[in-house]
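Dropping start04.tsv in here (TSV, C-alpha atoms (C1' of nucleotides)):
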chain	number	residue	atom	x	y	z
A	1	MET	CA	17.30	-4.37	20.62
A	2	PHE	CA	15.69	-0.95	20.34
A	3	ILE	CA	13.16	-1.79	17.66
A	4	GLN	CA	9.47	-1.79	18.51
A	5	ILE	CA	6.98	-3.21	16.00
A	6	GLU	CA	3.39	-2.04	15.81
A	7	PRO	CA	1.49	-4.84	14.07
A	8	GLN	CA	-1.66	-2.72	13.64
A	9	SER	CA	0.16	0.11	11.90
A	10	ASP	CA	-0.55	1.02	8.30
A	11	VAL	CA	3.21	1.12	7.85
A	12	PRO	CA	4.43	-2.32	6.73
A	13	ILE	CA	6.59	-4.19	9.22
A	14	TYR	CA	9.62	-4.27	6.95
A	15	GLU	CA	9.30	-0.50	6.58
A	16	GLN	CA	9.06	-0.05	10.34
A	17	VAL	CA	12.26	-2.03	10.73
A	18	THR	CA	14.00	0.05	8.05
A	19	ARG	CA	12.97	3.32	9.64
A	20	GLN	CA	13.93	2.35	13.16
A	21	ILE	CA	17.34	1.14	12.06
A	22	MET	CA	17.83	4.49	10.33
A	23	GLU	CA	16.77	6.19	13.56
A	24	GLY	CA	19.29	4.13	15.48
A	25	ILE	CA	22.03	5.24	13.09
A	26	ALA	CA	20.90	8.87	13.23
A	27	ARG	CA	20.94	8.71	17.02
A	28	GLY	CA	24.45	7.33	16.97
A	29	GLU	CA	23.36	4.16	18.72
A	30	MET	CA	24.79	2.32	15.76
A	31	LYS	CA	27.94	3.54	14.10
A	32	PRO	CA	29.48	3.02	10.67
A	33	GLY	CA	31.39	-0.24	10.61
A	34	ASP	CA	28.99	-1.88	13.05
A	35	THR	CA	27.35	-5.08	11.91
A	36	LEU	CA	23.62	-5.49	12.04
A	37	PRO	CA	22.25	-8.61	13.73
A	38	SER	CA	21.66	-11.56	11.42
A	39	VAL	CA	18.27	-11.59	9.76
A	40	ARG	CA	17.35	-14.71	11.68
A	41	ASN	CA	18.35	-13.27	15.05
A	42	LEU	CA	16.61	-9.95	14.58
A	43	ALA	CA	13.52	-11.69	13.23
A	44	ALA	CA	13.41	-13.90	16.29
A	45	ASP	CA	13.86	-10.88	18.58
A	46	LEU	CA	11.01	-9.02	16.91
A	47	GLY	CA	8.80	-12.05	16.54
A	48	VAL	CA	8.54	-11.68	12.80
A	49	ASN	CA	9.56	-13.73	9.82
A	50	MET	CA	13.13	-13.92	8.54
A	51	HIS	CA	12.12	-12.69	5.08
A	52	THR	CA	10.53	-9.57	6.51
A	53	VAL	CA	13.82	-8.50	8.08
A	54	ASN	CA	15.68	-9.57	4.96
A	55	LYS	CA	13.48	-7.28	2.89
A	56	SER	CA	14.24	-4.41	5.22
A	57	TYR	CA	17.99	-4.99	4.96
A	58	HIS	CA	17.82	-4.96	1.19
A	59	GLU	CA	15.85	-1.75	1.32
A	60	LEU	CA	18.60	-0.22	3.45
A	61	GLU	CA	21.16	-1.46	0.95
A	62	GLU	CA	19.23	0.13	-1.93
A	63	LYS	CA	19.22	3.40	-0.07
A	64	GLY	CA	23.00	3.10	0.24
A	65	ILE	CA	22.97	2.91	4.01
A	66	ILE	CA	24.37	-0.57	4.58
A	67	THR	CA	26.38	-3.14	2.68
A	68	ILE	CA	25.26	-6.75	2.67
A	69	ARG	CA	28.08	-9.27	2.42
A	70	ALA	CA	26.55	-12.44	1.05
A	71	LYS	CA	26.46	-15.23	3.58
A	72	SER	CA	28.28	-13.16	6.13
A	73	GLY	CA	26.43	-10.14	7.42
A	74	ALA	CA	25.39	-6.54	6.99
A	75	ILE	CA	27.60	-3.56	7.80
A	76	ILE	CA	26.66	0.08	8.24
A	77	ARG	CA	28.46	2.16	5.65
A	78	SER	CA	30.53	5.14	6.69
A	79	THR	CA	29.35	8.65	5.89
A	80	GLU	CA	32.38	8.99	3.64
A	81	GLU	CA	31.41	5.95	1.61
A	82	ARG	CA	27.92	7.28	1.05
A	83	ALA	CA	28.54	10.73	-0.39
A	84	LEU	CA	24.96	11.97	-0.86
A	85	THR	CA	24.55	11.69	-4.61
A	86	PRO	CA	22.35	14.04	-6.63
A	87	GLU	CA	20.05	11.08	-7.09
A	88	GLN	CA	19.68	10.73	-3.32
A	89	LEU	CA	19.03	14.46	-2.95
A	90	ARG	CA	16.33	14.20	-5.57
A	91	GLN	CA	14.82	11.27	-3.68
A	92	ILE	CA	14.74	13.19	-0.42
A	93	GLU	CA	13.08	16.13	-2.13
A	94	LYS	CA	10.58	13.78	-3.72
A	95	ASN	CA	9.74	12.35	-0.32
A	96	LEU	CA	9.57	15.78	1.24
A	97	LYS	CA	7.20	17.32	-1.27
A	98	PRO	CA	3.86	15.68	-0.38
A	99	VAL	CA	4.48	16.20	3.32
A	100	VAL	CA	5.19	19.91	2.87
A	101	VAL	CA	2.27	20.34	0.49
A	102	GLU	CA	-0.12	18.79	2.99
A	103	GLY	CA	1.25	21.02	5.69
A	104	MET	CA	0.76	24.09	3.51
A	105	VAL	CA	-2.80	23.21	2.59
A	106	LEU	CA	-3.66	22.63	6.23
A	107	GLY	CA	-2.45	26.12	6.93
A	108	ALA	CA	1.00	25.56	8.38
A	109	THR	CA	3.55	28.29	7.83
A	110	VAL	CA	7.11	27.80	6.56
A	111	GLU	CA	8.28	28.59	10.06
A	112	GLN	CA	6.07	25.94	11.64
A	113	ILE	CA	7.28	23.24	9.27
A	114	GLU	CA	10.86	24.42	9.69
A	115	HIS	CA	10.43	24.20	13.43
A	116	MET	CA	9.10	20.65	13.23
A	117	MET	CA	11.93	19.68	10.94
A	118	LYS	CA	14.55	21.00	13.33
A	119	LYS	CA	12.78	19.35	16.24
A	120	VAL	CA	13.03	15.97	14.54
A	121	PHE	CA	16.65	16.74	13.86
A	122	SER	CA	17.59	17.73	17.39
A	123	ASP	CA	15.57	14.93	18.97
A	124	LEU	CA	17.74	12.47	17.10
A	125	GLN	CA	20.99	14.29	17.56
A	126	ILE	CA	23.77	12.31	19.20
A	127	PRO	CA	23.30	12.97	22.91
A	128	ALA	CA	26.23	14.41	24.85
A	129	GLU	CA	28.39	11.84	26.64
A	130	GLY	CA	26.98	10.51	29.85
A	131	VAL	CA	23.44	11.60	29.18
B	1	MET	CA	-7.99	19.37	-15.35
B	2	PHE	CA	-4.43	19.65	-14.11
B	3	ILE	CA	-4.06	16.13	-12.76
B	4	GLN	CA	-1.63	13.76	-14.42
B	5	ILE	CA	-1.73	10.07	-13.44
B	6	GLU	CA	1.33	7.84	-13.66
B	7	PRO	CA	-0.03	4.28	-13.81
B	8	GLN	CA	3.43	2.74	-13.33
B	9	SER	CA	4.13	4.67	-10.14
B	10	ASP	CA	4.50	2.94	-6.80
B	11	VAL	CA	2.20	5.63	-5.45
B	12	PRO	CA	-1.41	4.39	-5.65
B	13	ILE	CA	-3.64	6.26	-8.10
B	14	TYR	CA	-6.02	7.48	-5.40
B	15	GLU	CA	-3.02	8.86	-3.53
B	16	GLN	CA	-1.74	10.60	-6.67
B	17	VAL	CA	-5.13	12.24	-7.07
B	18	THR	CA	-5.17	13.33	-3.43
B	19	ARG	CA	-1.70	14.84	-3.65
B	20	GLN	CA	-2.30	16.69	-6.89
B	21	ILE	CA	-5.53	18.18	-5.63
B	22	MET	CA	-3.63	19.37	-2.57
B	23	GLU	CA	-1.00	20.84	-4.87
B	24	GLY	CA	-3.71	22.62	-6.83
B	25	ILE	CA	-5.03	24.14	-3.62
B	26	ALA	CA	-1.55	25.10	-2.46
B	27	ARG	CA	-0.89	26.76	-5.80
B	28	GLY	CA	-4.12	28.71	-5.50
B	29	GLU	CA	-5.52	27.14	-8.64
B	30	MET	CA	-8.40	26.02	-6.51
B	31	LYS	CA	-9.76	28.24	-3.78
B	32	PRO	CA	-11.82	27.60	-0.66
B	33	GLY	CA	-15.49	27.45	-1.55
B	34	ASP	CA	-14.78	25.95	-4.95
B	35	THR	CA	-16.47	22.67	-5.73
B	36	LEU	CA	-14.47	19.70	-6.92
B	37	PRO	CA	-15.68	17.94	-10.05
B	38	SER	CA	-18.04	15.05	-9.46
B	39	VAL	CA	-16.32	11.74	-8.86
B	40	ARG	CA	-17.75	10.42	-12.10
B	41	ASN	CA	-16.57	13.37	-14.17
B	42	LEU	CA	-13.07	13.45	-12.77
B	43	ALA	CA	-12.79	9.69	-13.09
B	44	ALA	CA	-13.80	9.93	-16.75
B	45	ASP	CA	-11.28	12.73	-17.30
B	46	LEU	CA	-8.46	10.74	-15.76
B	47	GLY	CA	-9.51	7.46	-17.29
B	48	VAL	CA	-9.83	5.75	-13.93
B	49	ASN	CA	-12.62	4.19	-11.98
B	50	MET	CA	-15.19	6.20	-10.07
B	51	HIS	CA	-14.35	4.48	-6.80
B	52	THR	CA	-10.71	5.43	-7.09
B	53	VAL	CA	-11.58	9.13	-7.18
B	54	ASN	CA	-14.18	8.61	-4.47
B	55	LYS	CA	-11.51	7.10	-2.22
B	56	SER	CA	-9.31	10.11	-2.83
B	57	TYR	CA	-12.09	12.54	-1.93
B	58	HIS	CA	-12.73	10.73	1.31
B	59	GLU	CA	-9.05	10.84	2.10
B	60	LEU	CA	-9.14	14.60	1.58
B	61	GLU	CA	-12.17	14.82	3.85
B	62	GLU	CA	-10.38	12.83	6.55
B	63	LYS	CA	-7.49	15.26	6.36
B	64	GLY	CA	-9.96	18.09	6.87
B	65	ILE	CA	-9.31	19.67	3.49
B	66	ILE	CA	-12.71	19.29	1.85
B	67	THR	CA	-16.29	18.72	2.89
B	68	ILE	CA	-18.36	16.12	1.08
B	69	ARG	CA	-22.05	16.91	0.90
B	70	ALA	CA	-23.81	13.61	0.38
B	71	LYS	CA	-25.40	13.32	-3.07
B	72	SER	CA	-24.43	16.85	-3.95
B	73	GLY	CA	-20.70	17.50	-4.23
B	74	ALA	CA	-17.40	18.27	-2.56
B	75	ILE	CA	-16.30	21.73	-1.44
B	76	ILE	CA	-12.86	22.97	-0.48
B	77	ARG	CA	-12.93	24.16	3.09
B	78	SER	CA	-11.71	27.62	3.97
B	79	THR	CA	-8.49	28.09	5.90
B	80	GLU	CA	-10.56	29.54	8.71
B	81	GLU	CA	-12.69	26.41	8.96
B	82	ARG	CA	-9.64	24.19	9.16
B	83	ALA	CA	-7.68	25.76	12.00
B	84	LEU	CA	-4.66	23.45	12.09
B	85	THR	CA	-5.48	21.36	15.12
B	86	PRO	CA	-2.79	19.90	17.39
B	87	GLU	CA	-3.77	16.54	15.95
B	88	GLN	CA	-2.97	17.77	12.44
B	89	LEU	CA	0.35	19.22	13.59
B	90	ARG	CA	1.21	15.87	15.11
B	91	GLN	CA	0.29	14.18	11.84
B	92	ILE	CA	2.54	16.47	9.82
B	93	GLU	CA	5.40	15.84	12.21
B	94	LYS	CA	4.75	12.12	11.98
B	95	ASN	CA	4.93	12.31	8.20
B	96	LEU	CA	8.00	14.51	8.31
B	97	LYS	CA	10.03	12.32	10.63
B	98	PRO	CA	11.00	9.38	8.39
B	99	VAL	CA	11.91	11.74	5.55
B	100	VAL	CA	14.17	13.83	7.73
B	101	VAL	CA	15.72	10.78	9.35
B	102	GLU	CA	16.58	9.29	5.98
B	103	GLY	CA	18.09	12.58	4.91
B	104	MET	CA	20.18	12.73	8.06
B	105	VAL	CA	21.46	9.20	7.71
B	106	LEU	CA	22.40	9.84	4.10
B	107	GLY	CA	24.48	12.75	5.29
B	108	ALA	CA	22.27	15.72	4.53
B	109	THR	CA	22.66	18.75	6.76
B	110	VAL	CA	19.84	20.67	8.44
B	111	GLU	CA	20.53	23.47	5.98
B	112	GLN	CA	20.20	21.20	2.96
B	113	ILE	CA	16.87	19.81	4.08
B	114	GLU	CA	15.71	23.28	5.06
B	115	HIS	CA	16.63	24.49	1.60
B	116	MET	CA	14.69	21.70	-0.09
B	117	MET	CA	11.70	22.39	2.13
B	118	LYS	CA	11.67	26.07	1.22
B	119	LYS	CA	12.12	25.22	-2.43
B	120	VAL	CA	9.01	23.06	-2.37
B	121	PHE	CA	7.25	25.88	-0.60
B	122	SER	CA	8.21	28.64	-3.02
B	123	ASP	CA	7.60	26.47	-6.08
B	124	LEU	CA	3.98	26.13	-4.99
B	125	GLN	CA	3.48	29.67	-3.83
B	126	ILE	CA	0.65	31.57	-5.46
B	127	PRO	CA	2.20	33.22	-8.52
B	128	ALA	CA	1.88	36.98	-8.87
B	129	GLU	CA	-1.06	38.18	-10.95
B	130	GLY	CA	-0.59	37.94	-14.67
B	131	VAL	CA	2.30	35.48	-14.50
C	1	DT	C1'	33.81	-30.23	11.47
C	2	DA	C1'	29.75	-27.96	12.97
C	3	DT	C1'	27.33	-23.84	13.11
C	4	DT	C1'	25.78	-19.66	11.22
C	5	DT	C1'	25.04	-16.83	7.32
C	6	DG	C1'	22.46	-14.75	3.34
C	7	DT	C1'	20.24	-16.73	-0.75
C	8	DT	C1'	16.81	-18.99	-3.31
C	9	DA	C1'	12.61	-21.51	-4.05
C	10	DT	C1'	7.86	-22.83	-3.29
C	11	DA	C1'	3.45	-22.30	-1.16
C	12	DT	C1'	-0.21	-20.14	1.44
C	13	DT	C1'	-3.01	-16.55	3.67
C	14	DA	C1'	-4.55	-11.94	4.11
C	15	DG	C1'	-5.24	-7.37	2.72
C	16	DC	C1'	-5.06	-3.55	-0.50
C	17	DT	C1'	-5.61	-1.49	-5.15
C	18	DA	C1'	-8.32	-0.97	-9.01
C	19	DT	C1'	-11.87	-2.07	-11.95
C	20	DA	C1'	-16.65	-3.30	-13.30
C	21	DT	C1'	-21.74	-3.21	-12.71
C	22	DA	C1'	-25.66	-2.14	-10.59
C	23	DA	C1'	-29.07	-0.14	-7.87
C	24	DC	C1'	-30.67	3.48	-4.46
C	25	DA	C1'	-32.10	7.89	-2.79
C	26	DA	C1'	-31.33	12.64	-2.47
C	27	DT	C1'	-30.09	16.68	-4.91
C	28	DT	C1'	-30.02	19.52	-8.81
C	29	DT	C1'	-31.29	20.85	-13.35
C	30	DT	C1'	-34.43	21.26	-17.08
D	1	DA	C1'	-43.04	17.52	-12.28
D	2	DA	C1'	-39.76	14.93	-14.88
D	3	DA	C1'	-35.05	14.01	-16.03
D	4	DA	C1'	-30.40	14.05	-15.05
D	5	DT	C1'	-26.72	14.09	-11.78
D	6	DT	C1'	-24.92	13.16	-7.35
D	7	DG	C1'	-22.61	10.45	-3.57
D	8	DT	C1'	-23.60	5.96	-1.41
D	9	DT	C1'	-23.73	1.14	-1.01
D	10	DA	C1'	-23.21	-3.58	-2.49
D	11	DT	C1'	-21.13	-7.43	-4.92
D	12	DA	C1'	-17.63	-9.50	-7.68
D	13	DT	C1'	-13.18	-10.05	-9.81
D	14	DA	C1'	-8.16	-9.70	-10.89
D	15	DG	C1'	-3.61	-8.45	-9.65
D	16	DC	C1'	-0.30	-7.18	-6.50
D	17	DT	C1'	2.01	-6.67	-1.97
D	18	DA	C1'	2.87	-8.09	2.80
D	19	DA	C1'	3.80	-11.63	5.77
D	20	DT	C1'	4.39	-16.16	7.13
D	21	DA	C1'	6.05	-21.02	6.78
D	22	DT	C1'	9.39	-24.60	5.28
D	23	DA	C1'	13.14	-26.15	3.12
D	24	DA	C1'	17.42	-26.61	0.99
D	25	DC	C1'	21.94	-24.62	-0.68
D	26	DA	C1'	26.58	-22.90	-0.46
D	27	DA	C1'	29.74	-19.81	1.52
D	28	DA	C1'	31.57	-17.92	5.70
D	29	DT	C1'	32.65	-18.37	10.42
D	30	DA	C1'	33.55	-20.55	14.93
Could you show the structure in this file as structure tokens?
Amino acid sequence: MFIQIEPQSDVPIYEQVTRQIMEGIARGEMKPGDTLPSVRNLAADLGVNMHTVNKSYHELEEKGIITIRAKSGAIIRSTEERALTPEQLRQIEKNLKPVVVEGMVLGATVEQIEHMMKKVFSDLQIPAEGV
Amino acid sequence: MFIQIEPQSDVPIYEQVTRQIMEGIARGEMKPGDTLPSVRNLAADLGVNMHTVNKSYHELEEKGIITIRAKSGAIIRSTEERALTPEQLRQIEKNLKPVVVEGMVLGATVEQIEHMMKKVFSDLQIPAEGV
DNA sequence: TATTTGTTATATTAGCTATATAACAATTTT
DNA sequence: AAAATTGTTATATAGCTAATATAACAAATA
């Protein structure tokens, strides 16, 4: 699998897993309807505990990104199913705020932050076929 | 002071202090050259421990936002002193990435995120005189 | 039927957050 | 010069989170 864990990071392992699965979805490497590997399999692949992966999956479910079918598996929800609620928009803005504020205080311009934002976006864009 | 602590938040107190001081600087309520209150005074104001505020100040120093003069006080650095190093740009981008990725996966467009970013920016802009 | 699945429970270790006290030495104020 | 204030350092404690380890359960799947 495409997930790489950094044990020394200040970002918790379960959070690293969550983020990299989201990246995989954003990149189009994983599509809606796809099933995630079982918590035991992924945990074994990554060399981490089952519960750590389980926590990550439940975090993804809370965010509305996957659906966990008890005793069966986890499926990536379609973009139609997850319709970007006002609550989710508020959450994104809440996450965005401290990052933008820090950027401002350090002297970054709106254009610089905008540029970084678009760079992140395009870097994750679904690559053209055969690339 | 303008800082409001939410004890129930999942954001650590020292991090709340750091963020709200950054907001104060972004808003122009605190200007370069200004001294921050002593760790003991601010801690008393907020009803938290001295070490909690001290941790926040050191976090701000690590970010390059203030200078701590040992046994004297903490001063807000000027924008000229902190020249937005490549390292800082990388840090901002690193902070920005997971937020943008989550927004993407939830179905937000570049325009939506851009709009939120600019909203945060303008909300913190230095208000016109006498407003 | 046997295997795999997420779930639940218990226990342990490690690290972080936050508080509490206390003392030190340099700076600043009186 | 004396007193007060300052950040620093040290020790200790309590609570919480992260992560691991085992184990058993019941439903789903092969």
Could you list, as JSON, numbers by chain, every residue of chain A that has an atom within 10 Å of an atom of chain B, counting only C-alpha atoms? {"A": [16, 18, 19, 20, 22, 23, 24, 25, 26, 27, 28, 63, 64, 65, 77, 78, 79, 80, 82, 83, 84, 85, 88, 89, 90, 91, 92, 93, 94, 95, 96, 97, 98, 99, 100, 101, 102, 103, 104, 105, 106, 107, 108, 109, 110, 111, 112, 113, 114, 115, 116, 117, 118, 119, 120, 121, 122, 124, 125]}
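Those DNA, RNA and protein residues that approach the point (10.9, -11.5, 3.1) to within 9 Å, considering only C-alpha atoms (C1' of nucleotides), are A:Tyr14, A:Asn49, A:Met50, A:His51, A:Thr52, A:Val53, A:Asn54, A:Lys55, A:Ser56, D:DA18, D:DA19, D:DT20.
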Please compute the atom CA of Pro32 of chain A-atom CA of Ile75 of chain A distance, one decimal, in Å. 7.4 Å
Computed gap from atom CA of Ile76 of chain A to atom CA of Gly33 of chain A is 5.3 Å
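You will find atom CA of Phe2 of chain B at 25.4 Å from atom CA of Glu81 of chain B.
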Chain A residues within 8 Å of chain C, counting all atoms listed in the file: which ones, as a compact mmCIF listing (two decimals) with C-alpha atoms, in the frame of the given file?
# COMPACT_ATOMS: atom_id res chain seq x y z
CA SER A 38 21.66 -11.56 11.42
CA ARG A 69 28.08 -9.27 2.42
CA ALA A 70 26.55 -12.44 1.05
CA LYS A 71 26.46 -15.23 3.58
CA SER A 72 28.28 -13.16 6.13
CA GLY A 73 26.43 -10.14 7.42
Smallest atom-to-atom distance to chain A: which of D:DT17, D:DA23, D:DA1, D:DT8, using only C-alpha atoms (C1' of nucleotides)?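 Looking only at the distances to chain A, the closest residue turns out to be D:DT17.
If you measure from each of A:Glu62, A:Asp10, A:Glu87, A:Asp45 to chain D using only C-alpha atoms (C1' of nucleotides), the closest one turns out to be A:Asp10.
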Restricting the calculation to all atoms listed in the file, which member of B:Ile66, B:Val39, B:Leu46, B:Ile21 is positioned closest to chain D? B:Val39
Kindly provide, as a VMD selection string, the residues of chain D having any atom no farther than 10 Å from an atom of chain B, counting all atoms listed in the file. chain D and resid 5 to 8
Could you check which of A:Met30, A:Val17, A:Leu36, A:Ala44 is closest to Glu59 of chain A, using only C-alpha atoms? A:Val17
